[in-house]
$ cat work_9.csv   # CSV, C-alpha atoms and all ligand atoms
chain,number,residue,atom,x,y,z
A,827,MET,CA,52.5,151.8,148.8
A,828,LYS,CA,52.0,155.4,147.8
A,829,HIS,CA,48.6,156.2,146.2
A,830,TYR,CA,48.6,157.8,142.7
A,831,ASP,CA,46.2,159.7,140.6
A,832,TYR,CA,47.3,157.8,137.5
A,833,LEU,CA,48.8,154.4,136.8
A,834,VAL,CA,50.3,154.4,133.3
A,835,VAL,CA,50.8,151.0,131.9
A,836,GLY,CA,53.6,151.1,129.4
A,837,ALA,CA,56.6,153.5,129.2
A,838,GLY,CA,56.5,153.9,125.4
A,839,LEU,CA,55.8,157.2,123.7
A,840,PHE,CA,52.0,157.3,124.4
A,841,GLY,CA,52.5,156.5,128.1
A,842,ALA,CA,55.6,158.8,128.5
A,843,VAL,CA,53.8,161.8,127.0
A,844,PHE,CA,50.7,161.4,129.1
A,845,ALA,CA,52.7,160.6,132.3
A,846,GLY,CA,55.0,163.6,132.0
A,847,GLU,CA,52.2,166.0,131.2
A,848,ALA,CA,50.1,164.7,134.1
A,849,ALA,CA,53.0,165.0,136.5
A,850,ARG,CA,53.8,168.5,135.3
A,851,ARG,CA,50.1,169.4,136.0
A,852,GLY,CA,50.4,168.3,139.6
A,853,LYS,CA,49.1,164.8,139.3
A,854,ARG,CA,50.8,161.9,141.1
A,855,VAL,CA,51.8,159.4,138.4
A,856,LEU,CA,53.2,155.9,138.4
A,857,VAL,CA,54.5,154.4,135.2
A,858,ILE,CA,55.1,150.7,134.9
A,859,ASP,CA,56.5,148.6,132.1
A,860,ARG,CA,56.9,144.9,131.8
A,861,ARG,CA,60.2,145.4,130.1
A,862,GLU,CA,63.4,146.3,132.0
A,863,HIS,CA,63.7,149.6,130.1
A,864,ILE,CA,61.7,152.7,129.2
A,865,ALA,CA,60.8,154.0,125.7
A,866,GLY,CA,58.9,151.0,124.4
A,867,ASN,CA,59.8,150.2,120.8
A,868,VAL,CA,61.6,153.4,120.3
A,869,TYR,CA,64.2,152.3,122.8
A,870,THR,CA,67.8,152.9,121.7
A,871,GLU,CA,70.8,151.4,123.4
A,872,ARG,CA,74.3,152.9,123.1
A,873,ILE,CA,76.8,150.3,122.1
A,874,ASP,CA,80.4,151.3,121.0
A,875,GLY,CA,79.2,154.9,120.7
A,876,ILE,CA,76.3,153.9,118.4
A,877,ASN,CA,72.7,154.4,119.3
A,878,VAL,CA,71.2,151.0,118.3
A,879,HIS,CA,67.5,151.0,117.5
A,880,ARG,CA,66.7,147.8,119.4
A,881,TYR,CA,63.2,147.4,118.1
A,882,GLY,CA,63.7,148.6,114.5
A,883,ALA,CA,64.5,151.8,112.8
A,884,HIS,CA,62.6,154.9,114.0
A,885,ILE,CA,62.9,158.1,112.0
A,886,PHE,CA,60.9,160.9,113.5
A,887,HIS,CA,58.9,162.9,110.9
A,888,THR,CA,55.8,165.1,111.2
A,889,ASN,CA,53.8,167.8,109.7
A,890,ARG,CA,52.3,168.8,113.0
A,891,ASP,CA,53.8,172.0,114.4
A,892,ASN,CA,52.6,171.3,117.9
A,893,VAL,CA,54.1,167.8,118.0
A,894,TRP,CA,57.4,169.1,116.5
A,895,ASN,CA,57.6,171.9,119.1
A,896,TYR,CA,56.7,169.4,121.8
A,897,VAL,CA,59.4,166.8,121.1
A,898,ASN,CA,62.0,169.6,120.7
A,899,ARG,CA,61.5,170.4,124.4
A,900,PHE,CA,63.0,167.0,125.2
A,901,ALA,CA,65.6,166.5,122.6
A,902,THR,CA,67.6,168.2,119.9
A,903,PHE,CA,67.1,166.6,116.5
A,904,ASN,CA,69.7,166.0,113.9
A,905,ARG,CA,69.2,166.5,110.2
A,906,PHE,CA,68.9,162.9,109.2
A,907,THR,CA,66.7,162.4,106.1
A,908,ASN,CA,65.5,158.9,105.4
A,909,SER,CA,66.4,157.6,101.9
A,910,PRO,CA,66.5,153.9,101.9
A,911,VAL,CA,68.0,151.8,99.1
A,912,ALA,CA,66.2,148.8,97.6
A,913,ASN,CA,68.3,145.7,96.8
A,914,TRP,CA,66.5,143.4,94.4
A,915,HIS,CA,68.9,140.4,93.7
A,916,GLY,CA,71.8,142.8,93.8
A,917,GLU,CA,70.3,145.5,91.7
A,918,LEU,CA,70.1,148.7,93.7
A,919,TYR,CA,67.2,151.2,93.4
A,920,SER,CA,66.4,154.5,95.0
A,921,LEU,CA,63.5,154.8,97.3
A,922,PRO,CA,60.8,156.0,97.6
A,923,PHE,CA,59.7,155.7,94.0
A,924,ASN,CA,61.2,158.7,92.2
A,925,MET,CA,63.0,159.8,89.0
A,926,TYR,CA,66.2,158.0,90.1
A,927,THR,CA,64.2,154.8,90.5
A,928,PHE,CA,62.5,155.2,87.1
A,929,ASN,CA,65.8,155.9,85.4
A,930,ARG,CA,67.4,152.8,86.9
A,931,MET,CA,64.4,150.7,86.0
A,932,TRP,CA,63.7,151.8,82.5
A,933,GLY,CA,66.4,154.2,81.4
A,934,VAL,CA,63.9,157.0,81.2
A,935,VAL,CA,65.2,160.5,81.6
A,936,THR,CA,62.2,162.8,81.8
A,937,PRO,CA,59.2,162.8,84.0
A,938,GLU,CA,57.0,162.6,81.0
A,939,GLN,CA,58.7,159.4,79.8
A,940,ALA,CA,58.4,157.9,83.3
A,941,TYR,CA,54.7,158.8,83.5
A,942,GLU,CA,54.0,157.2,80.0
A,943,LYS,CA,55.8,154.0,81.1
A,944,ILE,CA,53.7,153.7,84.2
A,945,GLU,CA,50.5,154.6,82.4
A,946,SER,CA,51.1,151.9,79.7
A,947,GLN,CA,51.8,149.3,82.4
A,948,ARG,CA,48.7,150.3,84.3
A,949,ARG,CA,46.6,150.0,81.2
A,950,ALA,CA,48.1,146.6,80.2
A,951,ALA,CA,47.2,145.3,83.7
A,952,GLY,CA,43.6,146.5,83.3
A,953,ILE,CA,43.5,148.2,86.7
A,954,GLY,CA,40.4,150.4,87.4
A,955,GLU,CA,39.6,151.6,90.9
A,956,PRO,CA,42.2,149.7,93.1
A,957,LYS,CA,40.6,147.3,95.5
A,958,ASN,CA,43.7,145.9,97.2
A,959,LEU,CA,47.4,146.6,97.7
A,960,GLU,CA,48.5,144.9,94.4
A,961,GLU,CA,46.1,146.9,92.3
A,962,GLN,CA,46.9,150.1,94.2
A,963,ALA,CA,50.7,149.5,93.7
A,964,ILE,CA,50.4,148.8,89.9
A,965,SER,CA,48.1,151.7,89.5
A,966,LEU,CA,50.7,154.0,91.2
A,967,VAL,CA,54.0,152.7,89.7
A,968,GLY,CA,53.3,150.0,87.1
A,969,THR,CA,54.0,146.3,87.0
A,970,ASP,CA,57.9,146.3,86.9
A,971,ILE,CA,58.3,148.3,90.1
A,972,TYR,CA,55.5,146.3,91.7
A,973,GLU,CA,57.2,143.0,90.8
A,974,LYS,CA,60.8,144.1,91.8
A,975,LEU,CA,60.3,146.5,94.7
A,976,ILE,CA,57.0,145.9,96.3
A,977,LYS,CA,55.6,142.4,95.9
A,978,GLY,CA,58.4,140.4,97.6
A,979,TYR,CA,59.0,142.9,100.3
A,980,THR,CA,55.3,143.3,101.2
A,981,GLU,CA,54.6,139.6,101.2
A,982,LYS,CA,57.6,139.0,103.5
A,983,GLN,CA,56.5,141.9,105.7
A,984,TRP,CA,52.9,140.9,106.0
A,985,GLY,CA,53.0,137.2,105.4
A,986,ARG,CA,50.1,137.2,102.9
A,987,PRO,CA,49.6,137.9,99.2
A,988,CYS,CA,49.3,141.6,98.1
A,989,ARG,CA,45.9,140.9,96.8
A,990,GLU,CA,44.7,140.2,100.3
A,991,LEU,CA,46.2,143.4,101.8
A,992,PRO,CA,44.5,146.8,102.1
A,993,ALA,CA,45.6,149.5,99.6
A,994,PHE,CA,46.3,152.1,102.3
A,995,ILE,CA,49.5,150.4,103.4
A,996,ILE,CA,51.3,151.3,100.1
A,997,LYS,CA,49.9,154.8,100.1
A,998,ARG,CA,52.2,155.5,103.0
A,999,LEU,CA,55.0,155.8,100.4
A,1000,PRO,CA,55.4,158.8,98.2
A,1001,VAL,CA,55.6,158.5,94.4
A,1002,ARG,CA,57.5,161.4,92.9
A,1003,PHE,CA,58.3,162.5,89.4
A,1004,THR,CA,61.2,164.5,90.7
A,1005,PHE,CA,64.8,163.6,91.7
A,1006,ASP,CA,63.9,163.6,95.4
A,1007,ASN,CA,64.6,160.5,97.4
A,1008,ASN,CA,63.4,161.8,100.8
A,1009,TYR,CA,61.3,158.9,102.0
A,1010,PHE,CA,58.9,161.2,103.8
A,1011,ASN,CA,56.9,164.3,102.7
A,1012,ALA,CA,56.8,165.6,106.2
A,1013,ARG,CA,58.0,169.2,106.9
A,1014,TYR,CA,60.1,168.1,109.9
A,1015,GLN,CA,62.3,165.1,110.2
A,1016,GLY,CA,65.3,163.9,112.2
A,1017,ILE,CA,66.6,161.6,115.0
A,1018,PRO,CA,67.0,162.8,118.6
A,1019,ILE,CA,70.7,163.4,119.3
A,1020,GLY,CA,71.8,161.1,122.1
A,1021,GLY,CA,69.0,158.6,121.2
A,1022,TYR,CA,65.3,158.1,121.8
A,1023,THR,CA,65.8,156.6,125.3
A,1024,GLU,CA,67.2,159.8,126.6
A,1025,MET,CA,64.3,161.8,125.0
A,1026,VAL,CA,61.7,159.6,126.7
A,1027,ARG,CA,63.6,159.7,130.0
A,1028,ARG,CA,63.2,163.5,129.9
A,1029,MET,CA,59.6,163.2,128.9
A,1030,LEU,CA,58.9,161.1,132.0
A,1031,GLU,CA,60.5,163.5,134.5
A,1032,GLY,CA,58.2,164.0,137.4
A,1033,ALA,CA,56.5,160.6,137.2
A,1034,ASP,CA,57.6,157.6,139.2
A,1035,VAL,CA,58.8,154.7,137.0
A,1036,GLU,CA,59.0,151.0,137.9
A,1037,LEU,CA,60.3,148.5,135.4
A,1038,GLY,CA,59.9,144.8,135.1
A,1039,ILE,CA,56.2,144.8,136.2
A,1040,ASP,CA,53.6,143.1,134.2
A,1041,TYR,CA,50.2,144.8,134.7
A,1042,LEU,CA,48.3,141.8,133.4
A,1043,THR,CA,49.9,139.4,135.9
A,1044,ASP,CA,49.7,141.7,138.9
A,1045,ARG,CA,46.4,143.3,137.9
A,1046,ALA,CA,44.6,142.5,141.2
A,1047,SER,CA,47.1,144.3,143.4
A,1048,LEU,CA,47.8,147.1,140.9
A,1049,LYS,CA,44.2,148.1,140.5
A,1050,THR,CA,44.1,149.8,143.9
A,1051,VAL,CA,47.3,151.8,143.3
A,1052,ALA,CA,45.7,154.6,141.4
A,1053,ASP,CA,42.4,156.3,140.8
A,1054,ARG,CA,42.7,155.9,137.0
A,1055,VAL,CA,44.6,153.7,134.6
A,1056,ILE,CA,46.1,154.6,131.3
A,1057,TYR,CA,46.6,151.3,129.6
A,1058,THR,CA,48.9,151.2,126.5
A,1059,GLY,CA,49.3,147.4,126.2
A,1060,ALA,CA,47.5,145.2,123.7
A,1061,ILE,CA,43.8,145.5,124.0
A,1062,ASP,CA,43.0,141.9,123.4
A,1063,ALA,CA,45.5,140.8,126.1
A,1064,TYR,CA,43.8,143.1,128.6
A,1065,PHE,CA,40.6,141.2,128.0
A,1066,ASP,CA,42.4,137.8,128.2
A,1067,TYR,CA,41.7,137.3,124.5
A,1068,SER,CA,38.1,136.6,125.4
A,1069,LEU,CA,36.7,137.5,122.0
A,1070,GLY,CA,39.7,135.9,120.1
A,1071,CYS,CA,43.2,137.0,119.3
A,1072,LEU,CA,43.8,140.1,117.1
A,1073,GLN,CA,46.5,139.5,114.6
A,1074,TYR,CA,49.9,141.2,114.6
A,1075,ARG,CA,53.1,140.9,112.7
A,1076,SER,CA,56.1,140.3,114.8
A,1077,VAL,CA,59.7,141.2,113.9
A,1078,ARG,CA,62.9,139.5,114.9
A,1079,PHE,CA,66.3,141.3,114.7
A,1080,GLU,CA,69.7,139.6,114.3
A,1081,THR,CA,72.1,142.2,115.4
A,1082,GLU,CA,75.8,142.0,114.7
A,1083,ARG,CA,78.9,144.1,115.5
A,1084,LEU,CA,81.4,144.3,112.6
A,1085,GLU,CA,85.0,145.3,112.8
A,1086,ILE,CA,84.7,147.5,109.7
A,1087,PRO,CA,83.7,151.2,109.4
A,1088,ASN,CA,81.1,150.8,106.7
A,1089,PHE,CA,79.0,147.8,105.8
A,1090,GLN,CA,76.4,149.1,103.4
A,1091,GLY,CA,76.8,152.9,103.1
A,1092,ASN,CA,73.3,153.7,104.2
A,1093,ALA,CA,71.1,153.5,107.3
A,1094,ALA,CA,68.5,151.3,105.6
A,1095,VAL,CA,68.7,148.8,102.7
A,1096,ASN,CA,65.5,147.0,101.9
A,1097,TYR,CA,65.8,143.5,100.4
A,1098,THR,CA,62.8,143.5,98.1
A,1099,ASP,CA,63.2,140.1,96.5
A,1100,ARG,CA,61.2,137.1,97.8
A,1101,GLU,CA,64.3,134.9,98.2
A,1102,THR,CA,66.3,136.9,100.7
A,1103,PRO,CA,64.8,135.8,104.0
A,1104,PHE,CA,65.0,139.2,105.8
A,1105,THR,CA,63.2,142.4,104.8
A,1106,ARG,CA,65.9,144.9,105.5
A,1107,ILE,CA,69.3,145.6,107.1
A,1108,ILE,CA,69.7,148.6,109.3
A,1109,GLU,CA,73.2,150.0,109.8
A,1110,HIS,CA,72.6,152.1,112.9
A,1111,LYS,CA,75.6,154.4,112.8
A,1112,TRP,CA,74.3,156.2,109.7
A,1113,PHE,CA,71.3,157.6,111.6
A,1114,GLU,CA,74.0,159.8,113.2
A,1115,PHE,CA,76.3,160.2,110.1
A,1116,GLY,CA,78.8,157.6,111.4
A,1117,LEU,CA,80.0,159.9,114.2
A,1118,ASP,CA,80.1,159.5,117.9
A,1119,GLU,CA,78.8,162.1,120.4
A,1120,ASN,CA,82.1,164.1,120.1
A,1121,GLY,CA,81.9,164.2,116.3
A,1122,ARG,CA,84.6,161.5,115.8
A,1123,GLU,CA,84.3,158.8,113.1
A,1124,LEU,CA,83.5,155.4,114.5
A,1125,PRO,CA,85.8,152.6,113.5
A,1126,THR,CA,83.3,149.8,113.9
A,1127,THR,CA,79.7,149.3,112.9
A,1128,ILE,CA,76.5,147.5,114.1
A,1129,ILE,CA,73.9,146.1,111.7
A,1130,SER,CA,70.5,144.5,112.3
A,1131,ARG,CA,68.9,142.1,109.9
A,1132,GLU,CA,65.1,142.3,110.2
A,1133,TYR,CA,63.0,139.2,109.8
A,1134,SER,CA,59.2,139.5,109.8
A,1135,SER,CA,57.1,136.7,111.2
A,1136,ALA,CA,53.6,135.8,112.2
A,1137,TRP,CA,52.7,136.7,115.8
A,1138,ASN,CA,51.8,133.9,118.3
A,1139,LYS,CA,50.8,134.4,121.9
A,1140,GLY,CA,53.9,135.3,123.9
A,1141,ASP,CA,55.7,137.0,121.0
A,1142,GLU,CA,56.2,140.8,120.8
A,1143,PRO,CA,53.4,142.3,118.8
A,1144,TYR,CA,54.7,145.0,116.4
A,1145,TYR,CA,52.3,145.8,113.5
A,1146,PRO,CA,48.6,145.5,113.9
A,1147,VAL,CA,47.1,143.8,110.8
A,1148,ASN,CA,44.4,146.3,109.9
A,1149,ASP,CA,42.4,144.2,107.5
A,1150,GLU,CA,38.6,143.9,107.7
A,1151,LYS,CA,38.5,140.8,109.9
A,1152,ASN,CA,40.8,142.3,112.5
A,1153,THR,CA,39.2,145.7,112.3
A,1154,LEU,CA,35.8,144.2,113.2
A,1155,LEU,CA,37.3,142.3,116.1
A,1156,TYR,CA,39.1,145.3,117.4
A,1157,GLU,CA,35.8,147.2,117.2
A,1158,LYS,CA,34.2,144.7,119.6
A,1159,TYR,CA,37.1,145.0,122.0
A,1160,ARG,CA,36.8,148.8,121.8
A,1161,VAL,CA,33.2,148.6,122.8
A,1162,LEU,CA,34.2,146.5,125.8
A,1163,SER,CA,37.0,148.9,126.7
A,1164,GLU,CA,34.6,151.8,126.9
A,1165,LYS,CA,32.7,150.0,129.6
A,1166,GLU,CA,35.8,149.5,131.7
A,1167,PRO,CA,35.5,151.9,134.6
A,1168,ASN,CA,38.5,154.3,135.1
A,1169,VAL,CA,40.6,152.8,132.4
A,1170,VAL,CA,41.6,154.6,129.2
A,1171,PHE,CA,43.2,152.6,126.3
A,1172,GLY,CA,45.8,154.4,124.1
A,1173,GLY,CA,48.6,154.0,121.7
A,1174,ARG,CA,49.5,151.5,119.0
A,1175,LEU,CA,48.6,148.4,121.0
A,1176,GLY,CA,45.8,149.9,123.1
A,1177,GLU,CA,44.1,151.2,120.0
A,1178,TYR,CA,45.3,148.5,117.6
A,1179,LYS,CA,46.5,151.1,115.1
A,1180,TYR,CA,49.5,151.3,112.6
A,1181,TYR,CA,50.6,154.6,114.2
A,1182,ASP,CA,53.5,156.7,113.3
A,1183,MET,CA,55.4,158.2,116.2
A,1184,ASP,CA,54.1,161.7,115.7
A,1185,ALA,CA,50.5,160.5,115.5
A,1186,VAL,CA,51.0,158.6,118.8
A,1187,ILE,CA,52.2,161.8,120.5
A,1188,ALA,CA,49.4,163.8,119.0
A,1189,SER,CA,46.9,161.3,120.3
A,1190,ALA,CA,48.5,161.3,123.8
A,1191,LEU,CA,48.4,165.1,123.9
A,1192,ASP,CA,44.7,165.0,122.9
A,1193,LEU,CA,44.1,162.6,125.8
A,1194,CYS,CA,45.9,165.1,128.1
A,1195,ASP,CA,43.5,167.8,127.0
A,1196,ARG,CA,40.5,165.6,127.7
A,1197,GLU,CA,41.7,164.0,130.9
A,1198,LEU,CA,43.7,166.6,132.8
A,1201,LIG,N1,57.1,148.7,100.8
A,1201,LIG,C1,57.5,148.0,99.7
A,1201,LIG,N2,58.9,148.1,99.4
A,1201,LIG,C2,59.8,148.8,100.1
A,1201,LIG,C3,59.3,149.5,101.2
A,1201,LIG,C4,58.0,149.4,101.6
A,1201,LIG,O1,56.7,147.4,99.1
A,1201,LIG,O2,61.0,148.7,99.7
A,1201,LIG,C5,55.7,148.7,101.2
A,1201,LIG,C6,55.4,147.5,102.2
A,1201,LIG,O3,54.1,147.0,101.8
A,1201,LIG,C7,55.4,148.2,103.5
A,1201,LIG,C8,54.7,149.5,103.1
A,1201,LIG,O4,55.3,149.8,101.9
A,1201,LIG,O5,54.6,147.5,104.4
A,1201,LIG,C9,55.0,150.6,104.1
A,1201,LIG,O6,56.4,150.8,104.2
A,1201,LIG,P1,57.0,151.6,105.4
A,1201,LIG,O7,58.4,151.8,105.1
A,1201,LIG,O8,56.2,152.8,105.7
A,1201,LIG,O9,56.9,150.6,106.6
A,1201,LIG,P2,57.5,150.6,108.1
A,1201,LIG,O10,58.7,151.4,108.1
A,1201,LIG,O11,56.3,151.2,108.9
A,1201,LIG,O12,57.7,149.2,108.4
$ encode --input "work_9.csv" --output "structure tokens"
Amino acid sequence: MKHYDYLVVGAGLFGAVFAGEAARRGKRVLVIDRREHIAGNVYTERIDGINVHRYGAHIFHTNRDNVWNYVNRFATFNRFTNSPVANWHGELYSLPFNMYTFNRMWGVVTPEQAYEKIESQRRAAGIGEPKNLEEQAISLVGTDIYEKLIKGYTEKQWGRPCRELPAFIIKRLPVRFTFDNNYFNARYQGIPIGGYTEMVRRMLEGADVELGIDYLTDRASLKTVADRVIYTGAIDAYFDYSLGCLQYRSVRFETERLEIPNFQGNAAVNYTDRETPFTRIIEHKWFEFGLDENGRELPTTIISREYSSAWNKGDEPYYPVNDEKNTLLYEKYRVLSEKEPNVVFGGRLGEYKYYDMDAVIASALDLCDREL
């Protein structure tokens, strides 16, 4: 077998950015992935002219000029703006929390009225400095919105009470006293035209790629293939869970093709009540305005219901659970990882971090600066 400077384990965003950069700087790079496809969880598969987000909705957004310029070298982005709708027992609300939401919830018309309503609910709940997600949510948007749009969704998503979750999770969402339902505050936003898989394929140009290879199973033979390893898999799996399992949330998708042009009129509808078993439905065609690559309207549609579940060994890990217990355990694994000669750990699973796509790319580019 050919000898390489780098073996990159994982063909997701972190691995692809590093591998492509290394190859372009004259390094010999082999990328392996245990899945049969590249692009990790941003993988899109084209079915009936629709780019289906197989591992859940990915909407690229960033404030980082360097990352935006970087991704635009590999794809052209469309003007998709994420504005999910919340469905609570059939009542529809605008997300993120903004004047449309407040008007629908309370009939208030001005920002001042909305602010007063939230303030009075916050006072009634006796919230001081928020210590957990529940207190943080009530303090930001009051009890009505917490009860209808946050509590059920969050408890389904994370599988534990909001009082036991860290406040930072809910701070991801903007709260606005304007009629602006753009889910993100980021300066740049969009979806790569032609799908994420094609973007990642272009990022990887210059590196060798082999799919269906599990590093952890073939570790002994793969160790000698390259001088250095960039490992983007789960850090606890790398160490055979020797200090215990980190917790993750897993997600299951039920994907269905429907012989109708329009199922829900939006890319994402969140089901925020506790009784609906799934957290959201994605209708993939709306990420690209319902049009195929030639600009023609698509006659059919594909939807995915998303179910959140606890992670058990063997499941796909999606979201790291960044609570205190897991953060402490990760810290121990991180100390171990630093002693591992010629192996660098990176990305969502390698660093056990709730990473947005742009932050993953920024972190991979930082590694390139240090490593190459
Ligand atoms: N969230 C919520 N209601 C919603 C959408 C989000 O309560 O309708 C909360 C929930 O706790 C979730 C967090 O906000 O985990 C972050 O949401 P985001 O959409 O950023 O999650 P992701 O898209 O990463 O799954």
$ residues_near_ligand --input "work_9.csv" --ligand "ligand LIG 1201 (chain A)" --cutoff "10 Å" --atoms "only C-alpha atoms and all ligand atoms" --output "PyMOL selection string"
chain A and resi 882-885+910-914+919-923+959-960+963+971-984+988+991-1000+1009-1010+1077+1094-1099+1105-1106+1134+1144-1145+1180-1182
$ atom_distance --input "work_9.csv" --atom1 "CA of Trp1137 (chain A)" --atom2 "CA of Arg1174 (chain A)"
15.5 Å
$ atom_distance --input "work_9.csv" --atom1 "CA of Phe928 (chain A)" --atom2 "CA of Phe1003 (chain A)"
8.7 Å
$ residues_near_point --input "work_9.csv" --point "(56.5, 153.7, 136.3)" --cutoff "10 Å" --atoms "only C-alpha atoms" --output "list in words"
Leu833, Val834, Val835, Gly836, Ala837, Gly841, Ala842, Ala845, Val855, Leu856, Val857, Ile858, Asp859, Arg860, Ile864, Leu1030, Ala1033, Asp1034, Val1035, Glu1036, Leu1037, Gly1038 and Ile1039 of chain A
$ residues_near_point --input "work_9.csv" --point "(73.3, 158.5, 114.1)" --cutoff "8 Å" --atoms "all atoms listed in the file" --output "compact mmCIF listing (two decimals) with C-alpha atoms, in the frame of the given file"
# COMPACT_ATOMS: atom_id res chain seq x y z
CA ILE A 876 76.30 153.90 118.40
CA ASN A 877 72.70 154.40 119.30
CA PHE A 906 68.90 162.90 109.20
CA ILE A 1017 66.60 161.60 115.00
CA ILE A 1019 70.70 163.40 119.30
CA HIS A 1110 72.60 152.10 112.90
CA LYS A 1111 75.60 154.40 112.80
CA TRP A 1112 74.30 156.20 109.70
CA PHE A 1113 71.30 157.60 111.60
CA GLU A 1114 74.00 159.80 113.20
CA PHE A 1115 76.30 160.20 110.10
CA GLY A 1116 78.80 157.60 111.40
CA LEU A 1117 80.00 159.90 114.20
CA ASP A 1118 80.10 159.50 117.90
$ build_atoms --input "work_9.csv" --residues "region 1103-1109 of chain A" --atoms "all heavy atoms" --output "PDB file, keeping the file's coordinate frame"
ATOM      1  N   PRO A1103      65.742 136.095 102.976  1.00  0.00           N
ATOM      2  CA  PRO A1103      64.800 135.800 104.000  1.00  0.00           C
ATOM      3  C   PRO A1103      64.420 137.053 104.903  1.00  0.00           C
ATOM      4  O   PRO A1103      63.352 137.102 105.486  1.00  0.00           O
ATOM      5  CB  PRO A1103      65.433 134.748 104.894  1.00  0.00           C
ATOM      6  CG  PRO A1103      66.888 134.870 104.598  1.00  0.00           C
ATOM      7  CD  PRO A1103      67.003 135.365 103.189  1.00  0.00           C
ATOM      8  N   PHE A1104      65.322 138.020 104.995  1.00  0.00           N
ATOM      9  CA  PHE A1104      65.000 139.200 105.800  1.00  0.00           C
ATOM     10  C   PHE A1104      64.450 140.312 104.949  1.00  0.00           C
ATOM     11  O   PHE A1104      64.601 140.292 103.726  1.00  0.00           O
ATOM     12  CB  PHE A1104      66.261 139.669 106.586  1.00  0.00           C
ATOM     13  CG  PHE A1104      67.530 139.660 105.794  1.00  0.00           C
ATOM     14  CD1 PHE A1104      67.870 140.723 104.982  1.00  0.00           C
ATOM     15  CD2 PHE A1104      68.388 138.560 105.851  1.00  0.00           C
ATOM     16  CE1 PHE A1104      69.042 140.716 104.246  1.00  0.00           C
ATOM     17  CE2 PHE A1104      69.572 138.536 105.116  1.00  0.00           C
ATOM     18  CZ  PHE A1104      69.895 139.616 104.304  1.00  0.00           C
ATOM     19  N   THR A1105      63.778 141.272 105.588  1.00  0.00           N
ATOM     20  CA  THR A1105      63.200 142.400 104.800  1.00  0.00           C
ATOM     21  C   THR A1105      64.178 143.529 104.662  1.00  0.00           C
ATOM     22  O   THR A1105      64.203 144.190 103.630  1.00  0.00           O
ATOM     23  CB  THR A1105      61.922 142.949 105.487  1.00  0.00           C
ATOM     24  OG1 THR A1105      62.207 143.206 106.859  1.00  0.00           O
ATOM     25  CG2 THR A1105      60.754 141.998 105.357  1.00  0.00           C
ATOM     26  N   ARG A1106      64.969 143.819 105.701  1.00  0.00           N
ATOM     27  CA  ARG A1106      65.900 144.900 105.500  1.00  0.00           C
ATOM     28  C   ARG A1106      67.086 144.774 106.477  1.00  0.00           C
ATOM     29  O   ARG A1106      67.037 144.005 107.447  1.00  0.00           O
ATOM     30  CB  ARG A1106      65.236 146.287 105.738  1.00  0.00           C
ATOM     31  CG  ARG A1106      64.370 146.382 106.966  1.00  0.00           C
ATOM     32  CD  ARG A1106      63.544 147.690 106.964  1.00  0.00           C
ATOM     33  NE  ARG A1106      62.465 147.603 107.930  1.00  0.00           N
ATOM     34  CZ  ARG A1106      61.442 148.446 108.029  1.00  0.00           C
ATOM     35  NH1 ARG A1106      61.341 149.470 107.212  1.00  0.00           N
ATOM     36  NH2 ARG A1106      60.510 148.286 108.937  1.00  0.00           N
ATOM     37  N   ILE A1107      68.145 145.527 106.165  1.00  0.00           N
ATOM     38  CA  ILE A1107      69.300 145.600 107.100  1.00  0.00           C
ATOM     39  C   ILE A1107      69.440 147.082 107.473  1.00  0.00           C
ATOM     40  O   ILE A1107      69.474 147.969 106.607  1.00  0.00           O
ATOM     41  CB  ILE A1107      70.598 145.101 106.456  1.00  0.00           C
ATOM     42  CG1 ILE A1107      70.453 143.621 106.045  1.00  0.00           C
ATOM     43  CG2 ILE A1107      71.755 145.268 107.446  1.00  0.00           C
ATOM     44  CD1 ILE A1107      71.721 142.996 105.480  1.00  0.00           C
ATOM     45  N   ILE A1108      69.510 147.285 108.780  1.00  0.00           N
ATOM     46  CA  ILE A1108      69.700 148.600 109.300  1.00  0.00           C
ATOM     47  C   ILE A1108      71.182 148.725 109.747  1.00  0.00           C
ATOM     48  O   ILE A1108      71.669 147.849 110.460  1.00  0.00           O
ATOM     49  CB  ILE A1108      68.806 148.874 110.541  1.00  0.00           C
ATOM     50  CG1 ILE A1108      67.326 148.683 110.184  1.00  0.00           C
ATOM     51  CG2 ILE A1108      69.062 150.249 111.150  1.00  0.00           C
ATOM     52  CD1 ILE A1108      66.830 149.553 109.074  1.00  0.00           C
ATOM     53  N   GLU A1109      71.879 149.762 109.320  1.00  0.00           N
ATOM     54  CA  GLU A1109      73.200 150.000 109.800  1.00  0.00           C
ATOM     55  C   GLU A1109      73.118 151.294 110.678  1.00  0.00           C
ATOM     56  O   GLU A1109      73.024 152.418 110.161  1.00  0.00           O
ATOM     57  CB  GLU A1109      74.224 150.189 108.680  1.00  0.00           C
ATOM     58  CG  GLU A1109      75.657 150.281 109.187  1.00  0.00           C
ATOM     59  CD  GLU A1109      76.713 150.196 108.096  1.00  0.00           C
ATOM     60  OE1 GLU A1109      76.373 150.265 106.887  1.00  0.00           O
ATOM     61  OE2 GLU A1109      77.910 150.070 108.453  1.00  0.00           O
TER      62      GLU A1109
END
